[in-house]
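Accompanying notes for the structure given below.
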Amino acid sequence: AFAAMYELAKDYSGEDFFDGWDFFDGVDDVTGGDQIYSDAFLSAYKLLAFVESDTKHAFLRVDNYTNVPRSTPRRSVRVVTKASYHMDSVWIADIFHTPYGCGVQPALWSWAPPEVGGNYPKGGGIKTFEAVNQDIFSHMSLYTSANCNALNPNPDQNAASVVNTTNCDNPILGCTTTNTGLNSYGPSFNNGHGGVFITEYSSSGISIWFFPRNNIPISVSSNSSNIDTTDFGIPIANWSPSICGSDGFSEVLLPQSFVIDIALCGREWLGTLLYNQTCPPGNCFVNSVSGDGSNFDEAYFEIGAIRVF
């Protein structure tokens with residue numbers, strides 16, 4: 001961690017969770033996946049996005065009840081915050097369940113929207129959480145529009161993390177790190193009621209932490225209005241501004257809006273080779289997307305809150 005105290009700026013939670021988000025409506029323009037995203041009205045009508053009345057948790061899910069023919073994409077959800085957040089911010093995502101299953105590619109990420117001068121990959125982006133298929137690990141990535149190259153090995157992140165790619169201006173993969181903790185994705189994550197992902201977006205460095213439900217720092221679990229990232233220990237992913245040269249992040253990263261989405265059979269991770277590593281051999285769309293939808297019974301986010309400092 002690089003900074004000191006941060007004060008609460010925005011709390012996305014409770015019955016008003018979705019008031020701070022826009023729903024992207026249309027075919028997938030990021031991963032090239034086999035899903036079509038639904039607007040706010042359709043998402044609510046089809047129960048793809050809603051706040052559960054008892055827990056006040058927000059749910060975002062894939063349509064798991066429509067029989068989809070092979071020529072048709074399946075309905076899913078992508079939401080983007082109306083607000084963008086400048087450098088020297090922290091966002092904490094309290095997640096109880098993440099989408100899981102063959103053909104599924106869930107992500108919590110950020111990008112610089114056109115309103116702040118961005119146009120992906122211009123303005124950069126950060127993936128706090130991404131996972132695919134029936135993998136047991138989650139992944140984190142930094143995307144930049146200039147020549148930034150991550151360290152491998154990286155002395156500033158947890159030794160158990162694995163640096164997969166170092167070219168941060170690769171628009172498909174970015175510079176990616178894998179969280180090798182067995183509770184970072186899949187049944188172990190969901191059965192343990194998830195945990196919190198913390199992202200520090202600082203001019204001194206970008207860091208990501210993950211804490212399972214039974215090990216969340218008190219300053220986070222108590223919903224404090226102030227946090228100190230130096231309390232969180234060594235991050236599971238870290239990118240120093242020095243990887244982008246003498247100018248650091250100032251020329252490659254702009255204010256970020258948050259995105260939550262669930263892609264299906266996207267080009268980034270779900271090619272035939274990777275799909276077949278954890279799922280029955282065959283075509284991702286034919287095997288997983290088309291048909292009665294029961295494959296997506298576990299394909300949903302359950303989110304307690306996303307708080308920005």
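Ligands are numbered from 1 in the order shown, residues from 1 within each chain, and chains are lettered A, B, ... in the order they appear in the structure tokens.
Counting only C-alpha atoms, Ile243 of chain A has the following residues at most 12 Å away, ignoring those fewer than 6 positions along the same chain: Leu142, Thr144, Ala146, Asn147, Cys148, Asn149, Ala150, Leu151, Asn152, Asn154, Thr166, Asn167, Cys168, Asp169, Cys175, Ser204, Gly205, Ile206, Phe249 and Val252 of chain A.
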Keeping only N, CA, C and O atoms, write the selected residues to a file as a short mmCIF file (atom, residue, chain, number, x, y, z; two decimals), in the first residue's frame.
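And here is the file that came out, part.cif:
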```
data_model
loop_
_atom_site.label_atom_id
_atom_site.label_comp_id
_atom_site.auth_asym_id
_atom_site.auth_seq_id
_atom_site.Cartn_x
_atom_site.Cartn_y
_atom_site.Cartn_z
N LEU A 142 -4.24 -4.65 -15.18
CA LEU A 142 -4.12 -3.22 -15.46
C LEU A 142 -4.02 -3.04 -16.97
O LEU A 142 -3.27 -3.75 -17.64
N THR A 144 -3.40 -0.09 -19.98
CA THR A 144 -2.96 1.27 -20.27
C THR A 144 -2.89 1.46 -21.77
O THR A 144 -2.91 0.49 -22.55
N ALA A 146 -0.34 3.19 -23.18
CA ALA A 146 1.05 3.49 -23.52
C ALA A 146 1.93 2.31 -23.16
O ALA A 146 1.46 1.29 -22.68
N ASN A 147 3.21 2.46 -23.35
CA ASN A 147 4.15 1.37 -23.16
C ASN A 147 4.47 1.19 -21.68
O ASN A 147 5.44 1.74 -21.17
N CYS A 148 3.63 0.44 -20.98
CA CYS A 148 3.84 0.14 -19.56
C CYS A 148 4.05 -1.36 -19.43
O CYS A 148 3.26 -2.15 -19.95
N ASN A 149 5.08 -1.75 -18.72
CA ASN A 149 5.42 -3.17 -18.59
C ASN A 149 5.57 -3.56 -17.13
O ASN A 149 6.41 -3.02 -16.41
N ALA A 150 4.72 -4.50 -16.70
CA ALA A 150 4.70 -4.92 -15.30
C ALA A 150 5.95 -5.71 -14.95
O ALA A 150 6.60 -6.32 -15.81
N LEU A 151 6.27 -5.71 -13.65
CA LEU A 151 7.42 -6.46 -13.15
C LEU A 151 7.07 -7.93 -12.99
O LEU A 151 5.97 -8.28 -12.58
N ASN A 152 8.02 -8.79 -13.31
CA ASN A 152 7.86 -10.22 -13.09
C ASN A 152 9.24 -10.82 -12.82
O ASN A 152 10.06 -10.89 -13.73
N ASN A 154 7.40 -9.63 -9.03
CA ASN A 154 7.06 -8.33 -8.48
C ASN A 154 7.24 -8.36 -6.97
O ASN A 154 6.46 -9.00 -6.26
N THR A 166 2.79 -9.23 -18.86
CA THR A 166 3.44 -8.00 -18.40
C THR A 166 3.21 -6.81 -19.31
O THR A 166 3.55 -5.69 -18.95
N ASN A 167 2.63 -7.02 -20.48
CA ASN A 167 2.41 -5.93 -21.43
C ASN A 167 1.07 -5.26 -21.13
O ASN A 167 0.02 -5.72 -21.57
N CYS A 168 1.10 -4.14 -20.43
CA CYS A 168 -0.14 -3.51 -19.96
C CYS A 168 -0.92 -2.85 -21.09
O CYS A 168 -2.11 -2.55 -20.91
N ASP A 169 -0.30 -2.58 -22.24
CA ASP A 169 -1.05 -1.97 -23.33
C ASP A 169 -1.61 -3.01 -24.31
O ASP A 169 -2.07 -2.66 -25.39
N CYS A 175 -1.84 -6.33 -18.37
CA CYS A 175 -0.86 -7.05 -17.54
C CYS A 175 -1.63 -7.68 -16.39
O CYS A 175 -2.19 -6.99 -15.55
N SER A 204 0.79 6.88 -6.52
CA SER A 204 1.98 6.19 -6.02
C SER A 204 1.98 4.70 -6.31
O SER A 204 2.97 4.02 -6.04
N GLY A 205 0.87 4.19 -6.85
CA GLY A 205 0.78 2.78 -7.19
C GLY A 205 -0.63 2.27 -7.13
O GLY A 205 -1.48 2.83 -6.43
N ILE A 206 -0.91 1.24 -7.89
CA ILE A 206 -2.22 0.61 -7.92
C ILE A 206 -2.10 -0.74 -7.22
O ILE A 206 -1.27 -1.57 -7.60
N PHE A 249 1.79 7.21 -14.08
CA PHE A 249 0.44 6.97 -14.59
C PHE A 249 -0.22 8.23 -15.17
O PHE A 249 -1.32 8.15 -15.72
N VAL A 252 -1.35 8.05 -18.82
CA VAL A 252 -2.01 6.84 -19.34
C VAL A 252 -3.31 6.47 -18.63
O VAL A 252 -4.07 5.65 -19.13
#
```
Members of segment 39-207 of chain A assigned helix (DSSP H, G or I) by DSSP, as a count of residues only: 15
For Phe17 of chain A, work out the shell of residues within 7 Å, counting only C-alpha atoms and skipping chain neighbours fewer than 4 positions away, then give it as a tab-separated table (two decimals) with N, CA, C and O atoms, in the first residue's frame.
```tsv
chain	number	residue	atom	x	y	z
A	12	TYR	N	-22.55	2.71	-2.58
A	12	TYR	CA	-23.56	2.04	-3.41
A	12	TYR	C	-24.06	0.83	-2.62
A	12	TYR	O	-23.37	-0.20	-2.54
A	13	SER	N	-25.24	0.94	-2.02
A	13	SER	CA	-25.76	-0.16	-1.23
A	13	SER	C	-27.25	0.02	-0.99
A	13	SER	O	-27.81	1.09	-1.25
A	58	ALA	N	-27.68	-6.45	-3.66
A	58	ALA	CA	-27.94	-6.29	-5.09
A	58	ALA	C	-27.58	-7.57	-5.83
A	58	ALA	O	-26.51	-8.16	-5.58
```
Closest atom pairs, residues of segment 209-257 of chain A within 12 Å of segment 72-81 of chain A, only C-alpha atoms, as JSON lines:
```
{"residue": "A:Pro255", "atom": "CA", "partner": "A:Thr81", "partner_atom": "CA", "distance": 11.9}
{"residue": "A:Gln256", "atom": "CA", "partner": "A:Thr81", "partner_atom": "CA", "distance": 9.2}
{"residue": "A:Ser257", "atom": "CA", "partner": "A:Thr81", "partner_atom": "CA", "distance": 5.5}
```
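Residues in contact range of segment 64-68 of chain A, defined as at most 6 Å between only C-alpha atoms, with sequence neighbours fewer than 5 positions away removed, read Ser290, Gly291, Asp292, Gly293, Ser294, Phe296 and Asp297 of chain A.
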Using the selection just defined, write its residues with N, CA, C and O atoms as a JSON list (two decimals), in the first residue's frame.
```
[["chain", "number", "residue", "atom", "x", "y", "z"],
["A", 290, "SER", "N", -26.59, -21.90, -25.48],
["A", 290, "SER", "CA", -27.88, -22.30, -26.04],
["A", 290, "SER", "C", -28.54, -23.34, -25.15],
["A", 290, "SER", "O", -27.91, -23.97, -24.30],
["A", 291, "GLY", "N", -29.85, -23.49, -25.32],
["A", 291, "GLY", "CA", -30.57, -24.48, -24.52],
["A", 291, "GLY", "C", -31.42, -23.84, -23.44],
["A", 291, "GLY", "O", -31.77, -22.66, -23.50],
["A", 292, "ASP", "N", -31.74, -24.61, -22.40],
["A", 292, "ASP", "CA", -32.76, -24.19, -21.44],
["A", 292, "ASP", "C", -32.26, -23.21, -20.38],
["A", 292, "ASP", "O", -33.06, -22.66, -19.61],
["A", 293, "GLY", "N", -30.98, -22.98, -20.26],
["A", 293, "GLY", "CA", -30.46, -21.98, -19.34],
["A", 293, "GLY", "C", -30.07, -22.50, -17.97],
["A", 293, "GLY", "O", -29.53, -21.74, -17.14],
["A", 294, "SER", "N", -30.34, -23.75, -17.67],
["A", 294, "SER", "CA", -30.03, -24.26, -16.33],
["A", 294, "SER", "C", -28.54, -24.25, -16.04],
["A", 294, "SER", "O", -28.13, -24.26, -14.87],
["A", 296, "PHE", "N", -26.80, -21.81, -16.12],
["A", 296, "PHE", "CA", -26.49, -20.52, -15.51],
["A", 296, "PHE", "C", -27.18, -20.30, -14.17],
["A", 296, "PHE", "O", -27.33, -19.16, -13.73],
["A", 297, "ASP", "N", -27.57, -21.36, -13.50],
["A", 297, "ASP", "CA", -28.19, -21.21, -12.19],
["A", 297, "ASP", "C", -27.27, -20.54, -11.17],
["A", 297, "ASP", "O", -27.73, -19.88, -10.23]]
```
Residue list (strand (DSSP E), DSSP) for segment 18-254 of chain A, as JSON, numbers by chain: {"A": [21, 22, 23, 26, 27, 35, 36, 37, 49, 50, 51, 58, 59, 60, 61, 74, 75, 76, 78, 79, 80, 81, 89, 90, 91, 92, 93, 94, 95, 96, 97, 104, 105, 106, 107, 108, 109, 110, 111, 125, 126, 127, 128, 129, 130, 138, 139, 140, 141, 142, 143, 162, 163, 175, 176, 177, 178, 179, 195, 196, 197, 198, 199, 200, 201, 202, 205, 206, 207, 208, 209, 210, 211, 212, 226, 227, 228, 237, 238, 239]}
Selected residue, from A:Tyr100, A:Trp239, A:Phe189, A:Tyr120, that lies nearest to Val163 of chain A when counting only C-alpha atoms: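 Checking each of A:Tyr100, A:Trp239, A:Phe189, A:Tyr120 against Val163 of chain A, counting only C-alpha atoms, the winner is A:Trp239.
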Point-to-point distance in Å for atom CA of Gln105 of chain A and atom CA of Gly282 of chain A: 17.2 Å
Residue with smallest distance to Asn191 of chain A - pool A:Pro155, A:Pro121, A:Glu298, A:Glu115, counting only C-alpha atoms: A:Glu298
